[in-house]
>>> print(open('work_18.cif').read())   # mmCIF, C-alpha atoms
data_input
loop_
_atom_site.group_PDB
_atom_site.id
_atom_site.type_symbol
_atom_site.label_atom_id
_atom_site.label_comp_id
_atom_site.auth_asym_id
_atom_site.auth_seq_id
_atom_site.Cartn_x
_atom_site.Cartn_y
_atom_site.Cartn_z
ATOM 1 C CA MET S 178 123.806 71.844 112.970
ATOM 2 C CA THR S 179 122.379 68.370 112.694
ATOM 3 C CA GLU S 180 119.223 67.144 114.311
ATOM 4 C CA ASP S 181 119.305 64.051 116.472
ATOM 5 C CA VAL S 182 117.427 61.190 114.876
ATOM 6 C CA PRO S 183 115.198 59.508 117.469
ATOM 7 C CA PRO S 184 115.624 55.759 117.881
ATOM 8 C CA PRO S 185 112.923 53.539 116.381
ATOM 9 C CA ALA S 186 109.870 53.092 118.555
ATOM 10 C CA PHE S 187 109.585 49.575 119.907
ATOM 11 C CA GLU S 188 106.312 47.967 120.799
ATOM 12 C CA PRO S 189 105.663 46.246 124.141
ATOM 13 C CA ILE S 190 106.916 42.676 124.499
ATOM 14 C CA HIS S 191 105.213 40.498 121.918
ATOM 15 C CA THR S 192 104.399 36.955 123.049
ATOM 16 C CA VAL S 193 104.355 33.951 120.736
ATOM 17 C CA GLN S 194 102.866 30.628 121.851
ATOM 18 C CA LEU S 195 103.923 27.517 119.920
ATOM 19 C CA ALA S 196 103.361 23.786 120.409
ATOM 20 C CA SER S 197 106.248 21.623 119.290
ATOM 21 C CA GLN S 198 104.137 18.806 117.873
ATOM 22 C CA GLU S 199 101.788 21.041 115.843
ATOM 23 C CA ASP S 200 103.837 24.114 114.935
ATOM 24 C CA SER S 201 107.146 22.660 113.798
ATOM 25 C CA LYS S 202 108.677 20.462 111.143
ATOM 26 C CA ILE S 203 111.294 17.802 111.806
ATOM 27 C CA LEU S 204 114.373 18.468 109.704
ATOM 28 C CA SER S 205 116.461 15.502 110.787
ATOM 29 C CA VAL S 206 116.743 12.662 113.280
ATOM 30 C CA SER S 207 119.946 10.815 114.108
ATOM 31 C CA VAL S 208 119.336 7.602 116.035
ATOM 32 C CA TYR S 209 122.083 6.099 118.172
ATOM 33 C CA SER S 210 122.064 3.193 120.587
ATOM 34 C CA GLY S 211 119.832 4.389 123.413
ATOM 35 C CA ARG S 212 119.247 7.954 122.253
ATOM 36 C CA ALA S 213 118.400 10.165 119.295
ATOM 37 C CA GLU S 214 119.203 13.713 118.219
ATOM 38 C CA ILE S 215 116.315 15.710 116.774
ATOM 39 C CA THR S 216 116.242 18.968 114.830
ATOM 40 C CA ARG S 217 112.916 20.811 114.673
ATOM 41 C CA LEU S 218 112.230 23.962 112.647
ATOM 42 C CA PHE S 219 109.718 26.638 113.686
ATOM 43 C CA LYS S 220 108.528 29.541 111.527
ATOM 44 C CA PHE S 221 106.656 32.475 113.053
ATOM 45 C CA LYS S 222 106.237 36.238 112.856
ATOM 46 C CA VAL S 223 107.885 38.690 115.238
ATOM 47 C CA ASN S 224 107.210 42.324 116.008
ATOM 48 C CA THR S 225 109.767 45.081 116.167
ATOM 49 C CA GLY S 226 111.537 44.947 119.512
ATOM 50 C CA GLN S 227 111.346 42.274 122.176
ATOM 51 C CA ASN S 228 109.512 39.005 121.494
ATOM 52 C CA LEU S 229 108.981 36.242 124.036
ATOM 53 C CA VAL S 230 108.536 32.836 122.411
ATOM 54 C CA THR S 231 107.199 29.909 124.442
ATOM 55 C CA ILE S 232 107.398 26.420 122.941
ATOM 56 C CA THR S 233 105.530 23.645 124.749
ATOM 57 C CA GLU S 234 105.186 19.860 124.231
ATOM 58 C CA LEU S 235 108.904 19.149 124.333
ATOM 59 C CA PRO S 236 109.875 15.626 125.471
ATOM 60 C CA THR S 237 110.476 15.066 129.171
ATOM 61 C CA VAL S 238 113.270 12.575 128.384
ATOM 62 C CA MET S 239 115.285 15.327 126.708
ATOM 63 C CA ASP S 240 118.929 15.682 127.694
ATOM 64 C CA GLN S 241 118.664 19.336 128.705
ATOM 65 C CA GLN S 242 122.421 19.845 128.440
ATOM 66 C CA SER S 243 122.168 19.067 124.723
ATOM 67 C CA PHE S 244 119.479 21.688 124.016
ATOM 68 C CA ARG S 245 120.523 24.279 121.419
ATOM 69 C CA VAL S 246 118.677 27.036 119.567
ATOM 70 C CA GLU S 247 119.673 28.439 116.186
ATOM 71 C CA GLY S 248 117.980 31.492 114.683
ATOM 72 C CA ARG S 249 117.517 32.524 111.078
ATOM 73 C CA GLY S 250 116.160 35.885 109.955
ATOM 74 C CA VAL S 251 116.229 39.522 111.071
ATOM 75 C CA ALA S 252 116.301 38.729 114.780
ATOM 76 C CA THR S 253 118.727 38.009 117.599
ATOM 77 C CA ILE S 254 118.293 35.350 120.281
ATOM 78 C CA HIS S 255 119.050 36.822 123.703
ATOM 79 C CA ASP S 256 118.026 34.246 126.279
ATOM 80 C CA VAL S 257 116.892 30.603 126.362
ATOM 81 C CA THR S 258 115.446 28.705 129.328
ATOM 82 C CA LEU S 259 114.007 25.221 129.772
ATOM 83 C CA ALA S 260 111.470 24.356 132.445
ATOM 84 C CA THR S 261 108.747 21.890 133.316
ATOM 85 C CA ALA S 262 105.433 23.035 131.880
ATOM 86 C CA GLU S 263 102.851 23.474 134.612
ATOM 87 C CA ARG S 264 99.249 22.827 133.720
ATOM 88 C CA PRO S 265 96.851 25.595 134.786
ATOM 89 C CA PRO S 266 94.545 24.545 137.637
ATOM 90 C CA SER S 267 91.277 23.083 136.417
ATOM 91 C CA PRO S 268 87.957 24.413 137.752
ATOM 92 C CA THR S 269 86.412 22.098 140.321
ATOM 93 C CA THR S 270 82.779 23.085 139.880
ATOM 94 C CA SER S 271 80.297 24.797 137.576
ATOM 95 C CA ASP S 272 76.657 25.886 137.582
ATOM 96 C CA LYS S 273 75.767 22.753 135.640
ATOM 97 C CA LEU S 274 77.621 20.485 138.079
ATOM 98 C CA GLN S 275 75.979 22.126 141.093
ATOM 99 C CA ALA S 276 72.518 21.709 139.529
ATOM 100 C CA LEU S 277 73.197 18.050 138.722
ATOM 101 C CA GLU S 278 74.470 17.322 142.227
ATOM 102 C CA ALA S 279 71.440 19.058 143.791
ATOM 103 C CA ASP S 280 69.074 17.020 141.609
ATOM 104 C CA HIS S 281 71.014 13.873 142.483
ATOM 105 C CA GLY S 282 70.647 14.589 146.208
ATOM 106 C CA LYS S 283 66.875 15.036 145.877
ATOM 107 C CA THR S 284 66.609 11.848 143.850
ATOM 108 C CA VAL S 285 68.559 9.839 146.445
ATOM 109 C CA LYS S 286 66.246 11.066 149.225
ATOM 110 C CA ALA S 287 63.119 10.350 147.168
ATOM 111 C CA LEU S 288 64.410 6.852 146.420
ATOM 112 C CA ALA S 289 65.053 6.226 150.118
ATOM 113 C CA ARG S 290 61.489 7.321 150.968
ATOM 114 C CA ALA S 291 59.979 5.085 148.290
ATOM 115 C CA GLU S 292 62.007 2.074 149.441
ATOM 116 C CA LYS S 293 61.026 2.753 153.069
ATOM 117 C CA ALA S 294 57.340 3.025 152.115
ATOM 118 C CA LEU S 295 57.539 -0.270 150.215
ATOM 119 C CA SER S 296 59.221 -1.941 153.175
ATOM 120 C CA SER S 297 56.569 -0.576 155.565
ATOM 121 C CA LEU S 298 53.803 -1.877 153.298
ATOM 122 C CA GLN S 299 55.324 -5.350 153.302
ATOM 123 C CA THR S 300 55.741 -5.221 157.087
ATOM 124 C CA TYR S 301 52.087 -4.259 157.488
ATOM 125 C CA LEU S 302 50.894 -7.174 155.361
ATOM 126 C CA THR S 303 52.973 -9.727 157.257
ATOM 127 C CA SER S 304 51.839 -8.325 160.602
ATOM 128 C CA LEU S 305 48.158 -9.052 159.992
ATOM 129 C CA ASP S 306 46.780 -11.632 162.435
ATOM 130 C CA SER S 307 44.723 -14.209 160.565
ATOM 131 C CA GLN S 308 42.758 -15.060 163.717
ATOM 132 C CA HIS S 309 41.373 -11.549 164.009
ATOM 133 C CA LEU S 310 41.093 -10.844 160.269
ATOM 134 C CA ASP S 311 37.687 -10.720 158.617
ATOM 135 C CA VAL S 312 37.954 -13.258 155.783
ATOM 136 C CA THR S 313 35.511 -11.275 153.664
ATOM 137 C CA LYS S 314 37.970 -8.356 153.635
ATOM 138 C CA LEU S 315 41.035 -10.449 152.765
ATOM 139 C CA GLN S 316 40.663 -10.076 148.995
ATOM 140 C CA SER S 317 40.236 -6.319 149.304
ATOM 141 C CA ILE S 318 43.338 -6.042 151.496
ATOM 142 C CA VAL S 319 45.430 -8.083 149.047
ATOM 143 C CA ASP S 320 44.171 -6.060 146.067
ATOM 144 C CA ASN S 321 44.971 -2.789 147.807
ATOM 145 C CA TYR S 322 48.417 -4.109 148.708
ATOM 146 C CA ASP S 323 49.121 -5.131 145.107
ATOM 147 C CA THR S 324 48.019 -1.738 143.782
ATOM 148 C CA ALA S 325 50.090 0.228 146.289
ATOM 149 C CA ALA S 326 53.127 -2.049 145.946
ATOM 150 C CA GLU S 327 53.028 -1.828 142.146
ATOM 151 C CA LYS S 328 53.014 1.971 142.267
ATOM 152 C CA LEU S 329 55.927 1.975 144.700
ATOM 153 C CA ASP S 330 57.863 -0.562 142.602
ATOM 154 C CA ASP S 331 57.422 1.624 139.515
ATOM 155 C CA LYS S 332 58.532 4.684 141.464
ATOM 156 C CA VAL S 333 61.626 2.910 142.816
ATOM 157 C CA THR S 334 62.568 1.723 139.315
ATOM 158 C CA GLU S 335 62.086 5.224 137.894
ATOM 159 C CA LEU S 336 64.148 6.859 140.642
ATOM 160 C CA GLU S 337 66.951 4.290 140.334
ATOM 161 C CA SER S 338 67.135 4.965 136.592
ATOM 162 C CA LYS S 339 67.175 8.727 137.179
ATOM 163 C CA LYS S 340 69.873 8.371 139.855
ATOM 164 C CA GLU S 341 72.075 6.315 137.519
ATOM 165 C CA LYS S 342 71.616 8.836 134.691
ATOM 166 C CA LEU S 343 72.483 11.769 136.961
ATOM 167 C CA GLU S 344 75.615 10.021 138.231
ATOM 168 C CA LYS S 345 76.763 9.504 134.646
ATOM 169 C CA GLU S 346 76.112 13.164 133.775
ATOM 170 C CA ILE S 347 77.972 14.300 136.909
ATOM 171 C CA GLU S 348 80.989 12.182 135.952
ATOM 172 C CA GLU S 349 80.945 13.574 132.401
ATOM 173 C CA GLU S 350 80.786 17.167 133.681
ATOM 174 C CA LYS S 351 83.700 16.543 136.058
ATOM 175 C CA ASN S 352 85.747 15.120 133.177
ATOM 176 C CA THR S 353 84.874 18.166 131.070
ATOM 177 C CA LEU S 354 86.013 20.503 133.842
ATOM 178 C CA ALA S 355 89.253 18.568 134.297
ATOM 179 C CA GLY S 356 90.033 19.035 130.603
ATOM 180 C CA PRO S 357 92.328 16.869 128.488
ATOM 181 C CA LYS S 358 95.152 15.225 130.398
ATOM 182 C CA GLY S 359 97.630 15.699 127.603
ATOM 183 C CA ASN S 360 100.771 13.700 127.017
ATOM 184 C CA GLU S 361 102.763 13.461 130.248
ATOM 185 C CA LYS S 362 105.846 12.530 128.213
ATOM 186 C CA LEU S 363 105.822 15.990 126.605
ATOM 187 C CA GLY S 364 106.192 17.986 129.794
ATOM 188 C CA LEU S 365 108.971 20.471 129.003
ATOM 189 C CA LYS S 366 108.717 23.980 127.614
ATOM 190 C CA ALA S 367 111.303 26.365 126.206
ATOM 191 C CA THR S 368 111.162 30.130 126.658
ATOM 192 C CA ILE S 369 113.191 32.081 124.100
ATOM 193 C CA SER S 370 113.769 35.835 124.100
ATOM 194 C CA VAL S 371 114.061 37.172 120.547
ATOM 195 C CA PHE S 372 114.933 40.770 119.646
ATOM 196 C CA ALA S 373 113.919 41.948 116.172
ATOM 197 C CA GLU S 374 114.935 45.202 114.522
ATOM 198 C CA ALA S 375 111.971 44.982 112.172
ATOM 199 C CA GLU S 376 108.709 43.106 111.890
ATOM 200 C CA GLY S 377 108.864 39.937 109.831
ATOM 201 C CA GLU S 378 109.066 36.156 109.734
ATOM 202 C CA VAL S 379 111.907 34.310 111.414
ATOM 203 C CA GLU S 380 112.950 30.696 111.738
ATOM 204 C CA ILE S 381 114.216 28.983 114.858
ATOM 205 C CA ALA S 382 115.724 25.510 114.907
ATOM 206 C CA LEU S 383 115.686 23.480 118.119
ATOM 207 C CA ILE S 384 118.333 20.789 118.382
ATOM 208 C CA TYR S 385 118.228 18.343 121.272
ATOM 209 C CA ALA S 386 118.929 14.759 122.281
ATOM 210 C CA VAL S 387 116.386 12.395 123.816
ATOM 211 C CA ALA S 388 116.673 9.083 125.626
ATOM 212 C CA ASN S 389 114.419 6.037 125.098
ATOM 213 C CA ALA S 390 115.231 5.726 121.401
ATOM 214 C CA THR S 391 117.358 3.053 119.775
ATOM 215 C CA TRP S 392 117.680 0.855 116.717
ATOM 216 C CA CYS S 393 118.954 -2.575 115.743
ATOM 217 C CA ALA S 394 119.958 -4.156 112.455
ATOM 218 C CA GLN S 395 117.703 -6.666 110.718
ATOM 219 C CA TYR S 396 118.335 -8.750 107.618
ATOM 220 C CA ASP S 397 115.864 -10.018 105.061
ATOM 221 C CA ILE S 398 117.136 -12.799 102.775
ATOM 222 C CA ARG S 399 115.114 -13.488 99.637
ATOM 223 C CA VAL S 400 115.769 -16.351 97.234
ATOM 224 C CA SER S 401 114.444 -16.276 93.678
ATOM 225 C CA MET S 402 114.058 -19.527 91.755
ATOM 226 C CA GLN S 403 113.444 -17.625 88.503
ATOM 227 C CA THR S 404 116.994 -16.360 87.935
ATOM 228 C CA LYS S 405 120.473 -17.886 88.069
ATOM 229 C CA ASP S 406 122.552 -14.691 88.001
ATOM 230 C CA LYS S 407 121.589 -13.319 91.428
ATOM 231 C CA PRO S 408 119.244 -15.799 93.044
ATOM 232 C CA VAL S 409 119.839 -14.448 96.554
ATOM 233 C CA THR S 410 118.989 -10.885 97.634
ATOM 234 C CA LEU S 411 120.059 -9.572 101.023
ATOM 235 C CA LEU S 412 118.130 -6.594 102.401
ATOM 236 C CA TYR S 413 119.607 -4.648 105.296
ATOM 237 C CA LYS S 414 117.095 -2.860 107.527
ATOM 238 C CA GLY S 415 117.127 -0.807 110.686
ATOM 239 C CA ALA S 416 114.360 -1.486 113.225
ATOM 240 C CA ILE S 417 113.720 1.593 115.358
ATOM 241 C CA THR S 418 112.006 1.604 118.737
ATOM 242 C CA GLN S 419 111.277 4.732 120.747
ATOM 243 C CA ASP S 420 109.325 5.868 123.788
ATOM 244 C CA THR S 421 110.054 9.582 123.730
ATOM 245 C CA GLY S 422 106.456 10.817 123.712
ATOM 246 C CA GLU S 423 106.805 12.184 120.182
ATOM 247 C CA ALA S 424 104.365 9.849 118.460
ATOM 248 C CA SER S 425 105.040 10.963 114.877
ATOM 249 C CA LEU S 426 108.789 11.333 115.341
ATOM 250 C CA PHE S 427 110.058 8.668 112.953
ATOM 251 C CA ILE S 428 107.030 8.759 110.654
ATOM 252 C CA GLU S 429 107.479 12.446 109.882
ATOM 253 C CA CYS S 430 111.246 12.308 109.517
ATOM 254 C CA GLN S 431 111.031 9.703 106.741
ATOM 255 C CA ALA S 432 110.246 12.608 104.421
ATOM 256 C CA THR S 433 113.273 14.576 105.651
ATOM 257 C CA SER S 434 116.442 12.994 107.009
ATOM 258 C CA LEU S 435 116.848 9.882 109.148
ATOM 259 C CA ILE S 436 120.342 8.727 110.082
ATOM 260 C CA LEU S 437 121.136 5.491 111.925
ATOM 261 C CA CYS S 438 124.454 5.680 113.749
#
>>> encode(input="work_18.cif", output="structure tokens")
Amino acid sequence: MTEDVPPPAFEPIHTVQLASQEDSKILSVSVYSGRAEITRLFKFKVNTGQNLVTITELPTVMDQQSFRVEGRGVATIHDVTLATAERPPSPTTSDKLQALEADHGKTVKALARAEKALSSLQTYLTSLDSQHLDVTKLQSIVDNYDTAAEKLDDKVTELESKKEKLEKEIEEEKNTLAGPKGNEKLGLKATISVFAEAEGEVEIALIYAVANATWCAQYDIRVSMQTKDKPVTLLYKGAITQDTGEASLFIECQATSLILC
């Protein structure tokens, strides 16, 4: 009589988060007229059982019909989906922002009171009737006006400076809450289901085509007056232009494989 051997225990679904621009290496780029084909290699660890791999920062101009995934290692790829990456909602307020806005409101009201007091003081001075004014008190009235007006001017200047500073701090806090905008040209994400029989490191290659990439031929003719054998040298170059959102695309691939077709 033989005993039944229980199947291996699998852990709950293991999630792996990867960013295309930071967590991969470009293996090759083939540039055609108007498009390019890119191969990126990812290396990561998987757990025994089901693994859900999410890769963000893929180019929005990708031809989604061209998207392919190749796996290497002790794992099997079960499912692949492409979708637009949705940014999580940003918080709209914070304790710091509320405190700044409350202080700003008080400052605005204080500034309005100071400006109104200064205006009332000026109105009072201009309303004095010289015919009924005791000339002996004129100097005292003017001195008192100057003293009061100077204090109010200083207060208005101080409050205006505080108001401007608070508005700047409020704007900075709102920008902090909004978070980085990111690259809108890298708005796709891939979700890949990977089943592994054992824990270990696997490799996944993403192969896809993108628009907004092209190249054109350029020639550089150099003439040397120092030699008679080959005085003319013709250099053939390929000038590449791209607007795929992958900033380091053709810089990085110079160390791997770049093909102009």
>>> resolve_selection(input="work_18.cif", expression="the PyMOL selection byres ((chain S and resi 385) around 6)", output="PyMOL selection string")
chain S and resi 214-215+243-244+384+386
>>> resolve_selection(input="work_18.cif", expression="the PyMOL selection byres ((chain S and resi 395) around 7)", output="VMD selection string")
chain S and resid 393 to 394 396 to 397 413 to 416
>>> resolve_selection(input="work_18.cif", expression="the PyMOL selection byres ((chain S and resi 326) around 12)", output="list in words")
Ala291, Glu292, Lys293, Ala294, Leu295, Ser296, Ser297, Leu298, Gln299, Thr300, Tyr301, Leu302, Ile318, Val319, Asp320, Asn321, Tyr322, Asp323, Thr324, Ala325, Glu327, Lys328, Leu329, Asp330, Asp331, Lys332 and Val333 of chain S
>>> closest_atom_pairs(input="work_18.cif", of="segment 337-418 of chain S", to="segment 264-272 of chain S", cutoff="8 Å", atoms="only C-alpha atoms", output="Markdown table")
| residue | atom | partner | partner_atom | distance |
| --- | --- | --- | --- | --- |
| S:Lys351 | CA | S:Thr269 | CA | 7.5 |
| S:Leu354 | CA | S:Pro268 | CA | 5.9 |
| S:Ala355 | CA | S:Ser267 | CA | 5.4 |
| S:Gly356 | CA | S:Ser267 | CA | 7.2 |
>>> write_last_selection(input="work_18.cif", atoms="C-alpha atoms", output="short mmCIF file (atom, residue, chain, number, x, y, z; two decimals), keeping the file's coordinate frame")
data_model
loop_
_atom_site.label_atom_id
_atom_site.label_comp_id
_atom_site.auth_asym_id
_atom_site.auth_seq_id
_atom_site.Cartn_x
_atom_site.Cartn_y
_atom_site.Cartn_z
CA LYS S 351 83.70 16.54 136.06
CA LEU S 354 86.01 20.50 133.84
CA ALA S 355 89.25 18.57 134.30
CA GLY S 356 90.03 19.04 130.60
#
>>> atom_distance(input="work_18.cif", atom1="atom CA of Asp420 of chain S", atom2="atom CA of Asn389 of chain S")
5.3 Å
>>> closest_atom_pairs(input="work_18.cif", of="segment 345-432 of chain S", to="segment 223-238 of chain S", cutoff="9 Å", atoms="all atoms listed in the file", output="tab-separated table")
residue	atom	partner	partner_atom	distance
S:Asn360	CA	S:Glu234	CA	8.1
S:Glu361	CA	S:Thr237	CA	8.0
S:Lys362	CA	S:Thr237	CA	5.4
S:Leu363	CA	S:Pro236	CA	4.2
S:Gly364	CA	S:Thr237	CA	5.2
S:Leu365	CA	S:Leu235	CA	4.9
S:Lys366	CA	S:Thr233	CA	4.3
S:Ala367	CA	S:Ile232	CA	5.1
S:Thr368	CA	S:Thr231	CA	4.5
S:Ile369	CA	S:Val230	CA	5.0
S:Ser370	CA	S:Leu229	CA	4.8
S:Val371	CA	S:Asn228	CA	5.0
S:Phe372	CA	S:Gln227	CA	4.6
S:Ala373	CA	S:Gly226	CA	5.1
S:Glu374	CA	S:Thr225	CA	5.4
S:Ala375	CA	S:Thr225	CA	4.6
S:Glu376	CA	S:Asn224	CA	4.5
S:Gly377	CA	S:Val223	CA	5.6
S:Glu378	CA	S:Val223	CA	6.2
S:Val379	CA	S:Val223	CA	7.1
S:Ala386	CA	S:Val238	CA	8.6
S:Val387	CA	S:Val238	CA	5.5
S:Ala388	CA	S:Val238	CA	5.6
S:Asn389	CA	S:Val238	CA	7.4
S:Thr421	CA	S:Pro236	CA	6.3
S:Gly422	CA	S:Pro236	CA	6.2
S:Glu423	CA	S:Pro236	CA	7.0
>>> residues_around(input="work_18.cif", residues="Ile398 of chain S", least_positions_apart="3", cutoff="8 Å", atoms="all atoms listed in the file", output="NGL selection string")
:S and (409-412)
>>> closest_residue(input="work_18.cif", among="S:Ala287, S:Met402, S:Ala276, S:Ala390", to="Ile347 of chain S", atoms="all atoms listed in the file")
S:Ala276
>>> closest_residue(input="work_18.cif", among="S:Arg290, S:Ala262, S:Leu383, S:Lys407", to="Ser197 of chain S", atoms="all atoms listed in the file")
S:Leu383
>>> closest_residue(input="work_18.cif", among="S:Leu218, S:Met239, S:Ala213, S:Leu336", to="Thr391 of chain S", atoms="all atoms listed in the file")
S:Ala213
>>> atom_distance(input="work_18.cif", atom1="atom CA of Ile381 of chain S", atom2="atom CA of Tyr209 of chain S")
24.4 Å
>>> closest_residue(input="work_18.cif", among="S:Lys283, S:Arg399, S:Lys339, S:Arg217", to="Val246 of chain S", atoms="only C-alpha atoms")
S:Arg217
>>> build_atoms(input="work_18.cif", residues="segment 248-265 of chain S", atoms="N, CA, C and O atoms", output="CSV table (one decimal), keeping the file's coordinate frame")
chain,number,residue,atom,x,y,z
S,248,GLY,N,118.9,30.6,115.3
S,248,GLY,CA,118.0,31.5,114.7
S,248,GLY,C,118.4,31.9,113.3
S,248,GLY,O,119.5,31.9,112.9
S,249,ARG,N,117.3,32.1,112.5
S,249,ARG,CA,117.5,32.5,111.1
S,249,ARG,C,116.5,33.7,110.8
S,249,ARG,O,115.3,33.5,111.1
S,250,GLY,N,117.0,34.8,110.2
S,250,GLY,CA,116.2,35.9,110.0
S,250,GLY,C,116.7,37.1,110.6
S,250,GLY,O,117.7,37.2,111.2
S,251,VAL,N,115.8,38.2,110.5
S,251,VAL,CA,116.2,39.5,111.1
S,251,VAL,C,115.9,39.6,112.6
S,251,VAL,O,115.1,40.4,113.0
S,252,ALA,N,116.5,38.7,113.3
S,252,ALA,CA,116.3,38.7,114.8
S,252,ALA,C,117.5,38.2,115.5
S,252,ALA,O,118.3,37.5,114.9
S,253,THR,N,117.6,38.5,116.8
S,253,THR,CA,118.7,38.0,117.6
S,253,THR,C,118.2,37.3,118.8
S,253,THR,O,117.3,37.8,119.5
S,254,ILE,N,118.7,36.1,119.1
S,254,ILE,CA,118.3,35.4,120.3
S,254,ILE,C,119.1,35.8,121.5
S,254,ILE,O,120.3,35.8,121.5
S,255,HIS,N,118.4,36.3,122.5
S,255,HIS,CA,119.0,36.8,123.7
S,255,HIS,C,119.1,35.8,124.9
S,255,HIS,O,120.1,35.8,125.6
S,256,ASP,N,118.1,35.1,125.1
S,256,ASP,CA,118.0,34.2,126.3
S,256,ASP,C,117.2,33.0,126.0
S,256,ASP,O,116.2,33.1,125.3
S,257,VAL,N,117.6,31.9,126.5
S,257,VAL,CA,116.9,30.6,126.4
S,257,VAL,C,116.8,29.9,127.7
S,257,VAL,O,117.8,29.7,128.4
S,258,THR,N,115.6,29.5,128.1
S,258,THR,CA,115.4,28.7,129.3
S,258,THR,C,114.6,27.5,129.1
S,258,THR,O,113.7,27.5,128.2
S,259,LEU,N,114.8,26.4,129.8
S,259,LEU,CA,114.0,25.2,129.8
S,259,LEU,C,113.4,25.0,131.1
S,259,LEU,O,114.0,25.2,132.2
S,260,ALA,N,112.1,24.6,131.2
S,260,ALA,CA,111.5,24.4,132.4
S,260,ALA,C,110.4,23.3,132.2
S,260,ALA,O,109.9,23.1,131.1
S,261,THR,N,109.9,22.8,133.4
S,261,THR,CA,108.7,21.9,133.3
S,261,THR,C,107.5,22.7,133.1
S,261,THR,O,107.2,23.7,133.8
S,262,ALA,N,106.7,22.3,132.2
S,262,ALA,CA,105.4,23.0,131.9
S,262,ALA,C,104.4,22.7,132.9
S,262,ALA,O,104.1,21.5,133.2
S,263,GLU,N,103.9,23.7,133.6
S,263,GLU,CA,102.9,23.5,134.6
S,263,GLU,C,101.5,23.7,134.0
S,263,GLU,O,101.2,24.7,133.4
S,264,ARG,N,100.6,22.7,134.2
S,264,ARG,CA,99.2,22.8,133.7
S,264,ARG,C,98.5,23.8,134.6
S,264,ARG,O,98.6,23.8,135.8
S,265,PRO,N,97.7,24.7,134.0
S,265,PRO,CA,96.9,25.6,134.8
S,265,PRO,C,95.8,24.8,135.6
S,265,PRO,O,95.4,23.8,135.2
